[in-house]
$ cat my_file.txt   # compact mmCIF, C-alpha atoms and all ligand atoms
# COMPACT_ATOMS: atom_id res chain seq x y z
CA MET A 974 -111.33 75.52 -60.85
CA SER A 975 -112.45 72.39 -62.71
CA LYS A 976 -114.12 69.78 -60.50
CA ASN A 977 -113.07 67.00 -62.83
CA LEU A 978 -109.47 66.72 -61.82
CA GLN A 979 -107.27 64.66 -64.10
CA PRO A 980 -105.94 61.53 -62.36
CA VAL A 981 -102.24 61.77 -61.55
CA VAL A 982 -99.94 58.96 -62.70
CA LEU A 983 -96.46 58.92 -61.19
CA CYS A 984 -94.01 57.74 -63.84
CA LEU A 985 -90.50 56.50 -63.16
CA SER A 986 -88.72 56.19 -66.49
CA GLY A 987 -85.59 56.89 -68.46
CA LEU A 988 -84.97 59.97 -70.56
CA ASP A 989 -84.61 59.22 -74.26
CA PRO A 990 -83.36 62.30 -76.16
CA SER A 991 -84.97 61.05 -79.39
CA GLY A 992 -88.35 61.43 -77.68
CA GLY A 993 -89.67 58.07 -78.87
CA ALA A 994 -89.43 56.09 -75.64
CA GLY A 995 -89.11 56.68 -71.91
CA ILE A 996 -90.58 59.56 -69.99
CA GLN A 997 -91.63 61.48 -73.10
CA ALA A 998 -93.75 58.52 -74.17
CA ASP A 999 -95.33 58.54 -70.70
CA ILE A 1000 -96.05 62.27 -70.64
CA GLU A 1001 -97.53 62.35 -74.15
CA THR A 1002 -99.61 59.19 -73.68
CA LEU A 1003 -101.02 60.28 -70.34
CA ALA A 1004 -101.79 63.80 -71.49
CA SER A 1005 -103.54 62.59 -74.62
CA LEU A 1006 -105.68 60.19 -72.54
CA GLY A 1007 -106.74 62.80 -70.00
CA CYS A 1008 -104.30 62.08 -67.18
CA HIS A 1009 -101.55 64.13 -65.57
CA CYS A 1010 -98.03 62.66 -65.54
CA ALA A 1011 -95.80 63.32 -62.53
CA PRO A 1012 -92.47 62.50 -64.20
CA ILE A 1013 -89.41 61.18 -62.37
CA ILE A 1014 -86.30 60.33 -64.37
CA THR A 1015 -84.52 57.16 -63.28
CA THR A 1016 -81.75 57.17 -65.87
CA LEU A 1017 -80.42 59.54 -68.50
CA THR A 1018 -79.53 57.89 -71.77
CA VAL A 1019 -77.52 58.67 -74.86
CA GLN A 1020 -79.61 57.31 -77.69
CA ASP A 1021 -81.16 58.07 -81.03
CA SER A 1022 -83.94 56.37 -82.95
CA CYS A 1023 -81.54 53.48 -83.74
CA ASN A 1024 -80.06 52.43 -80.40
CA VAL A 1025 -78.91 53.30 -76.86
CA THR A 1026 -75.16 53.87 -76.36
CA GLU A 1027 -74.89 55.12 -72.75
CA LEU A 1028 -76.81 55.11 -69.48
CA SER A 1029 -76.30 57.40 -66.48
CA CYS A 1030 -78.39 56.49 -63.43
CA VAL A 1031 -79.88 59.13 -61.15
CA ASP A 1032 -78.91 58.97 -57.46
CA PRO A 1033 -81.46 56.64 -55.77
CA ALA A 1034 -81.75 58.93 -52.72
CA PHE A 1035 -82.70 61.79 -55.05
CA ILE A 1036 -85.48 59.66 -56.56
CA THR A 1037 -86.70 58.76 -53.07
CA ARG A 1038 -86.98 62.46 -52.21
CA GLN A 1039 -88.79 63.23 -55.47
CA MET A 1040 -91.31 60.47 -54.80
CA ALA A 1041 -91.80 61.65 -51.22
CA VAL A 1042 -92.68 65.21 -52.17
CA ILE A 1043 -95.09 64.10 -54.89
CA PHE A 1044 -96.90 61.66 -52.58
CA ALA A 1045 -97.12 64.39 -49.95
CA ASP A 1046 -98.53 66.83 -52.49
CA MET A 1047 -100.79 64.92 -54.90
CA LYS A 1048 -103.24 62.04 -54.92
CA VAL A 1049 -101.48 59.48 -57.09
CA SER A 1050 -103.90 57.13 -58.89
CA ALA A 1051 -101.35 54.82 -60.52
CA ILE A 1052 -97.60 54.31 -60.70
CA LYS A 1053 -95.89 53.40 -63.96
CA ILE A 1054 -92.32 52.10 -63.97
CA GLY A 1055 -90.08 51.79 -67.04
CA LEU A 1056 -86.29 51.74 -67.33
CA LEU A 1057 -84.68 51.29 -63.89
CA GLY A 1058 -80.98 51.34 -64.70
CA SER A 1059 -79.54 50.09 -61.40
CA THR A 1060 -80.28 47.94 -58.37
CA GLY A 1061 -80.05 51.05 -56.19
CA VAL A 1062 -82.83 52.78 -58.16
CA THR A 1063 -84.94 49.59 -58.15
CA GLN A 1064 -84.65 49.17 -54.40
CA ALA A 1065 -85.27 52.85 -53.67
CA ILE A 1066 -88.50 52.74 -55.70
CA ALA A 1067 -89.58 49.46 -54.07
CA ALA A 1068 -89.04 50.94 -50.60
CA VAL A 1069 -91.39 53.85 -51.41
CA LEU A 1070 -93.98 51.50 -52.96
CA GLU A 1071 -94.02 49.63 -49.68
CA LYS A 1072 -95.61 52.70 -48.09
CA HIS A 1073 -98.35 52.91 -50.76
CA PRO A 1074 -99.59 49.34 -51.14
CA ASN A 1075 -103.01 50.29 -52.54
CA ILE A 1076 -101.87 52.19 -55.62
CA PRO A 1077 -101.82 50.09 -58.81
CA VAL A 1078 -98.30 49.56 -60.19
CA ILE A 1079 -97.74 49.07 -63.92
CA ILE A 1080 -94.27 47.87 -64.93
CA ASP A 1081 -92.76 47.84 -68.39
CA PRO A 1082 -89.59 45.81 -67.77
CA VAL A 1083 -87.08 47.54 -70.05
CA LEU A 1084 -84.31 44.96 -70.31
CA LYS A 1085 -82.99 45.53 -73.83
CA ALA A 1086 -83.34 48.30 -76.41
CA SER A 1087 -84.82 47.25 -79.73
CA GLY A 1088 -81.49 48.41 -81.21
CA GLY A 1089 -79.79 45.62 -79.25
CA THR A 1090 -78.17 47.29 -76.21
CA GLU A 1091 -78.74 45.51 -72.90
CA LEU A 1092 -80.41 47.91 -70.45
CA ALA A 1093 -80.55 45.69 -67.35
CA ASN A 1094 -77.84 43.37 -66.02
CA GLN A 1095 -78.51 40.18 -64.09
CA ARG A 1096 -78.41 42.03 -60.75
CA VAL A 1097 -81.10 44.46 -61.87
CA ILE A 1098 -83.22 41.56 -63.11
CA GLU A 1099 -82.82 39.82 -59.75
CA SER A 1100 -83.74 43.04 -57.99
CA ILE A 1101 -86.90 43.43 -60.08
CA ARG A 1102 -87.86 39.84 -59.20
CA GLN A 1103 -87.22 40.24 -55.53
CA HIS A 1104 -88.34 43.80 -54.83
CA LEU A 1105 -90.83 44.84 -57.51
CA LEU A 1106 -92.78 41.76 -58.66
CA PRO A 1107 -94.52 41.36 -55.29
CA LYS A 1108 -95.85 44.91 -55.64
CA THR A 1109 -96.87 44.74 -59.30
CA SER A 1110 -100.44 44.92 -60.58
CA VAL A 1111 -99.44 44.27 -64.19
CA ILE A 1112 -96.11 43.72 -65.94
CA THR A 1113 -95.81 44.02 -69.72
CA PRO A 1114 -92.78 42.08 -71.02
CA ASN A 1115 -92.29 40.78 -74.52
CA ALA A 1116 -91.67 37.03 -74.75
CA ASP A 1117 -87.91 37.45 -74.42
CA GLU A 1118 -88.19 39.69 -71.35
CA ALA A 1119 -90.69 37.32 -69.72
CA GLN A 1120 -88.16 34.47 -70.15
CA LYS A 1121 -85.35 36.56 -68.66
CA LEU A 1122 -87.42 37.65 -65.68
CA SER A 1123 -88.34 34.10 -64.78
CA PRO A 1124 -85.68 32.03 -63.03
CA HIS A 1125 -87.30 28.99 -64.71
CA PRO A 1126 -87.36 29.88 -68.42
CA SER A 1127 -89.99 27.98 -70.39
CA ASN A 1128 -91.44 28.11 -73.86
CA ASP A 1129 -94.86 27.73 -72.33
CA ASP A 1130 -96.19 31.21 -71.54
CA ALA A 1131 -98.84 29.83 -69.18
CA HIS A 1132 -96.04 28.21 -67.20
CA LEU A 1133 -94.15 31.53 -67.11
CA ALA A 1134 -97.33 33.23 -65.94
CA GLN A 1135 -97.50 30.87 -62.95
CA TYR A 1136 -94.10 32.15 -61.82
CA PHE A 1137 -95.16 35.81 -62.01
CA HIS A 1138 -98.41 35.13 -60.16
CA SER A 1139 -96.57 33.11 -57.51
CA GLN A 1140 -94.41 36.16 -56.82
CA GLY A 1141 -97.47 38.33 -56.19
CA CYS A 1142 -97.68 39.97 -59.62
CA GLN A 1143 -101.40 39.98 -60.40
CA TYR A 1144 -101.43 40.27 -64.20
CA LEU A 1145 -98.89 39.42 -66.87
CA LEU A 1146 -99.29 40.87 -70.36
CA ILE A 1147 -96.91 39.19 -72.83
CA THR A 1148 -96.61 41.37 -75.91
CA GLY A 1149 -95.96 39.88 -79.33
CA GLY A 1150 -94.92 42.91 -81.36
CA ASP A 1151 -91.25 42.02 -81.53
CA SER A 1152 -91.59 38.28 -81.18
CA PRO A 1153 -89.66 36.57 -84.01
CA ALA A 1154 -92.04 33.62 -83.82
CA ASP A 1155 -94.78 35.98 -84.87
CA ALA A 1156 -92.86 37.72 -87.62
CA SER A 1157 -94.17 35.55 -90.41
CA HIS A 1158 -97.74 36.06 -89.23
CA SER A 1159 -99.85 38.96 -90.26
CA ASN A 1160 -101.05 39.53 -86.70
CA VAL A 1161 -99.44 40.65 -83.46
CA THR A 1162 -100.86 38.77 -80.47
CA ASN A 1163 -100.74 40.18 -76.95
CA THR A 1164 -101.88 37.85 -74.18
CA LEU A 1165 -103.05 38.81 -70.69
CA TYR A 1166 -102.64 36.22 -67.92
CA CYS A 1167 -104.42 36.39 -64.57
CA ALA A 1168 -104.24 33.61 -61.99
CA GLY A 1169 -107.29 31.34 -62.06
CA GLN A 1170 -108.65 32.75 -65.32
CA PRO A 1171 -108.24 31.74 -68.93
CA PRO A 1172 -105.68 33.84 -70.85
CA LEU A 1173 -107.11 36.73 -72.84
CA ALA A 1174 -105.50 37.11 -76.27
CA HIS A 1175 -105.93 40.10 -78.55
CA HIS A 1176 -104.80 40.12 -82.16
CA TRP A 1177 -103.79 43.23 -84.08
CA PRO A 1178 -102.85 43.59 -87.72
CA ARG A 1179 -99.04 43.69 -87.90
CA LEU A 1180 -97.91 47.10 -89.12
CA ALA A 1181 -94.96 47.51 -91.47
CA GLY A 1182 -91.73 48.88 -90.01
CA SER A 1183 -90.12 48.87 -86.58
CA PHE A 1184 -91.09 51.25 -83.80
CA HIS A 1185 -89.20 53.00 -81.05
CA GLY A 1186 -91.16 53.39 -77.82
CA SER A 1187 -94.14 51.15 -78.51
CA GLY A 1188 -93.70 49.24 -75.21
CA CYS A 1189 -93.47 52.46 -73.17
CA THR A 1190 -96.56 53.81 -74.91
CA LEU A 1191 -98.54 50.63 -74.20
CA ALA A 1192 -97.64 50.49 -70.50
CA ALA A 1193 -98.28 54.21 -70.06
CA ALA A 1194 -101.68 53.79 -71.73
CA VAL A 1195 -102.52 50.88 -69.38
CA SER A 1196 -101.62 53.13 -66.43
CA ALA A 1197 -103.85 55.89 -67.83
CA PHE A 1198 -106.91 53.66 -68.18
CA ILE A 1199 -106.33 52.14 -64.74
CA ALA A 1200 -106.05 55.66 -63.27
CA LEU A 1201 -109.29 56.57 -65.04
CA GLY A 1202 -111.03 53.67 -63.29
CA ASP A 1203 -111.09 50.76 -65.74
CA ALA A 1204 -110.66 47.17 -64.57
CA MET A 1205 -107.41 45.57 -65.76
CA PRO A 1206 -108.71 43.54 -68.74
CA GLU A 1207 -110.54 46.58 -70.12
CA ALA A 1208 -107.58 48.90 -69.48
CA VAL A 1209 -105.25 46.50 -71.26
CA TYR A 1210 -107.57 46.21 -74.27
CA LYS A 1211 -108.07 49.98 -74.58
CA ALA A 1212 -104.32 50.56 -74.18
CA GLN A 1213 -103.61 48.21 -77.09
CA GLN A 1214 -106.19 50.01 -79.21
CA TYR A 1215 -104.62 53.37 -78.34
CA THR A 1216 -101.08 52.15 -78.98
CA HIS A 1217 -102.06 50.63 -82.32
CA GLY A 1218 -103.37 54.05 -83.36
CA THR A 1219 -100.12 55.79 -82.38
CA LEU A 1220 -98.14 53.21 -84.38
CA LYS A 1221 -100.36 53.60 -87.45
CA ASN A 1222 -99.49 57.30 -87.38
CA ALA A 1223 -95.80 56.77 -86.54
CA GLN A 1224 -93.30 58.94 -88.37
CA ALA A 1225 -89.72 58.48 -89.57
CA LEU A 1226 -88.34 61.38 -87.55
CA GLY A 1227 -84.83 59.88 -87.41
CA GLU A 1228 -82.71 57.40 -89.31
CA GLY A 1229 -83.84 54.41 -87.26
CA ALA A 1230 -87.17 53.11 -86.02
CA LEU A 1231 -90.45 54.98 -86.50
CA ILE A 1232 -91.62 57.18 -83.63
CA PRO A 1233 -95.23 56.73 -82.45
CA ILE A 1234 -97.33 59.88 -82.78
CA ARG A 1235 -99.17 60.22 -79.48
CA VAL A 1236 -100.06 63.89 -79.78
CA PRO A 1237 -101.48 64.57 -83.24
CA ALA A 1238 -101.24 68.15 -84.49
CA GLN A 1239 -104.37 70.18 -83.71
N1 LIG B 1301 -84.78 54.05 -73.65
C1 LIG B 1301 -85.68 54.19 -72.71
C2 LIG B 1301 -85.52 55.30 -71.74
C3 LIG B 1301 -86.77 53.33 -72.65
O1 LIG B 1301 -87.69 53.46 -71.68
C4 LIG B 1301 -86.91 52.30 -73.63
C5 LIG B 1301 -88.03 51.37 -73.66
O2 LIG B 1301 -88.88 51.28 -72.86
C6 LIG B 1301 -85.94 52.16 -74.60
C7 LIG B 1301 -84.90 53.06 -74.58
C8 LIG B 1301 -86.04 51.12 -75.65
O3 LIG B 1301 -87.09 51.42 -76.51
P1 LIG B 1301 -87.37 50.54 -77.78
O4 LIG B 1301 -87.04 49.15 -77.41
O5 LIG B 1301 -88.79 50.75 -78.10
O6 LIG B 1301 -86.48 51.06 -78.87
$ encode --input "my_file.txt" --output "structure tokens"
Amino acid sequence: MSKNLQPVVLCLSGLDPSGGAGIQADIETLASLGCHCAPIITTLTVQDSCNVTELSCVDPAFITRQMAVIFADMKVSAIKIGLLGSTGVTQAIAAVLEKHPNIPVIIDPVLKASGGTELANQRVIESIRQHLLPKTSVITPNADEAQKLSPHPSNDDAHLAQYFHSQGCQYLLITGGDSPADASHSNVTNTLYCAGQPPLAHHWPRLAGSFHGSGCTLAAAVSAFIALGDAMPEAVYKAQQYTHGTLKNAQALGEGALIPIRVPAQ
């Protein structure tokens, strides 16, 4: 048996049948970065590469039992959370996290599909604020999601960051890929905020086209590098580098957005 065990990352995400986003993005990203994904589905979706048309949440008690058996069985090095779907699911996950306060938690707050469908109502947003932010190591919203998650919306990202930090969320990574303010610029800027430190901005050449699952890929990659032992700023940088590569190789597998290629053919 190999002595170099792959770190296990527990992923709680939605199932996207187009395979661009959600749990498939987690599994592929983690496997290609040398980690093992323990996948738990929070919500089934009806969607293609264009948009989401239906959500069907999994029973929260079922998710609680899935998490319990995995924690009893495996050493979990990081927890990555994507689409939640309901307040019940959010609270069930938060209750389990309470028992594992030392495991880093990476949250991609999936509030709206890039195709336009809302994926979290106000109650779910409130539940994320109340139950998950205090347990979060890093959250990775785009500018719009960061505004929605804060009860005090502001155009000043540093001001938004203060809210997240005040709730106990250590790091905030605001992604610029789908920010309209950036659209005329040739770069995408992602900025990492940590309380008491200057923001850390990284710029990436803006790639042509729109992508389905880029946010899931980025957050999963952050969880992989954290599980592999990197400090947060390094994990976030390497995750952006990785994600940029998957987007450069993205393919038009459907009629809508391009799908990142996370597992290149051998
Ligand atoms: N469906 C699921 C299950 C997701 O996790 C996500 C994003 O994280 C989406 C849909 C939306 O993906 P995108 O906005 O990249 O199209």
$ residues_near_ligand --input "my_file.txt" --ligand "ligand LIG 1301 (chain B)" --cutoff "7 Å" --atoms "all atoms listed in the file" --output "MDAnalysis selection string"
chainID A and resid 986:989 994:996 1018 1024:1025 1055:1056 1081 1083 1085:1088 1184:1189
$ closest_residue --input "my_file.txt" --among "A:Ser1196, A:Thr1015, A:Thr1026, A:Asn977" --to "Glu1091 in chain A" --atoms "only C-alpha atoms"
A:Thr1026
$ atom_distance --input "my_file.txt" --atom1 "CA of Ser1159 in chain A" --atom2 "CA of Arg1179 in chain A"
5.3 Å
$ atom_distance --input "my_file.txt" --atom1 "CA of Ile1101 in chain A" --atom2 "CA of Leu1057 in chain A"
9.0 Å
$ atom_distance --input "my_file.txt" --atom1 "CA of Ser1123 in chain A" --atom2 "CA of Tyr1144 in chain A"
14.5 Å
$ closest_residue --input "my_file.txt" --among "A:Gln1095, A:Thr1162, A:Thr1113, A:Thr1063" --to "Ile1036 in chain A" --atoms "all atoms listed in the file"
A:Thr1063
$ residues_around --input "my_file.txt" --residues "Ile1079 in chain A" --least-positions-apart "4" --cutoff "9 Å" --atoms "only C-alpha atoms" --output "tab-separated table (two decimals) with C-alpha atoms, in the coordinates of the input"
chain	number	residue	atom	x	y	z
A	1051	ALA	CA	-101.35	54.82	-60.52
A	1052	ILE	CA	-97.60	54.31	-60.70
A	1053	LYS	CA	-95.89	53.40	-63.96
A	1054	ILE	CA	-92.32	52.10	-63.97
A	1055	GLY	CA	-90.08	51.79	-67.04
A	1109	THR	CA	-96.87	44.74	-59.30
A	1110	SER	CA	-100.44	44.92	-60.58
A	1111	VAL	CA	-99.44	44.27	-64.19
A	1112	ILE	CA	-96.11	43.72	-65.94
A	1113	THR	CA	-95.81	44.02	-69.72
A	1192	ALA	CA	-97.64	50.49	-70.50
A	1193	ALA	CA	-98.28	54.21	-70.06
A	1195	VAL	CA	-102.52	50.88	-69.38
A	1196	SER	CA	-101.62	53.13	-66.43
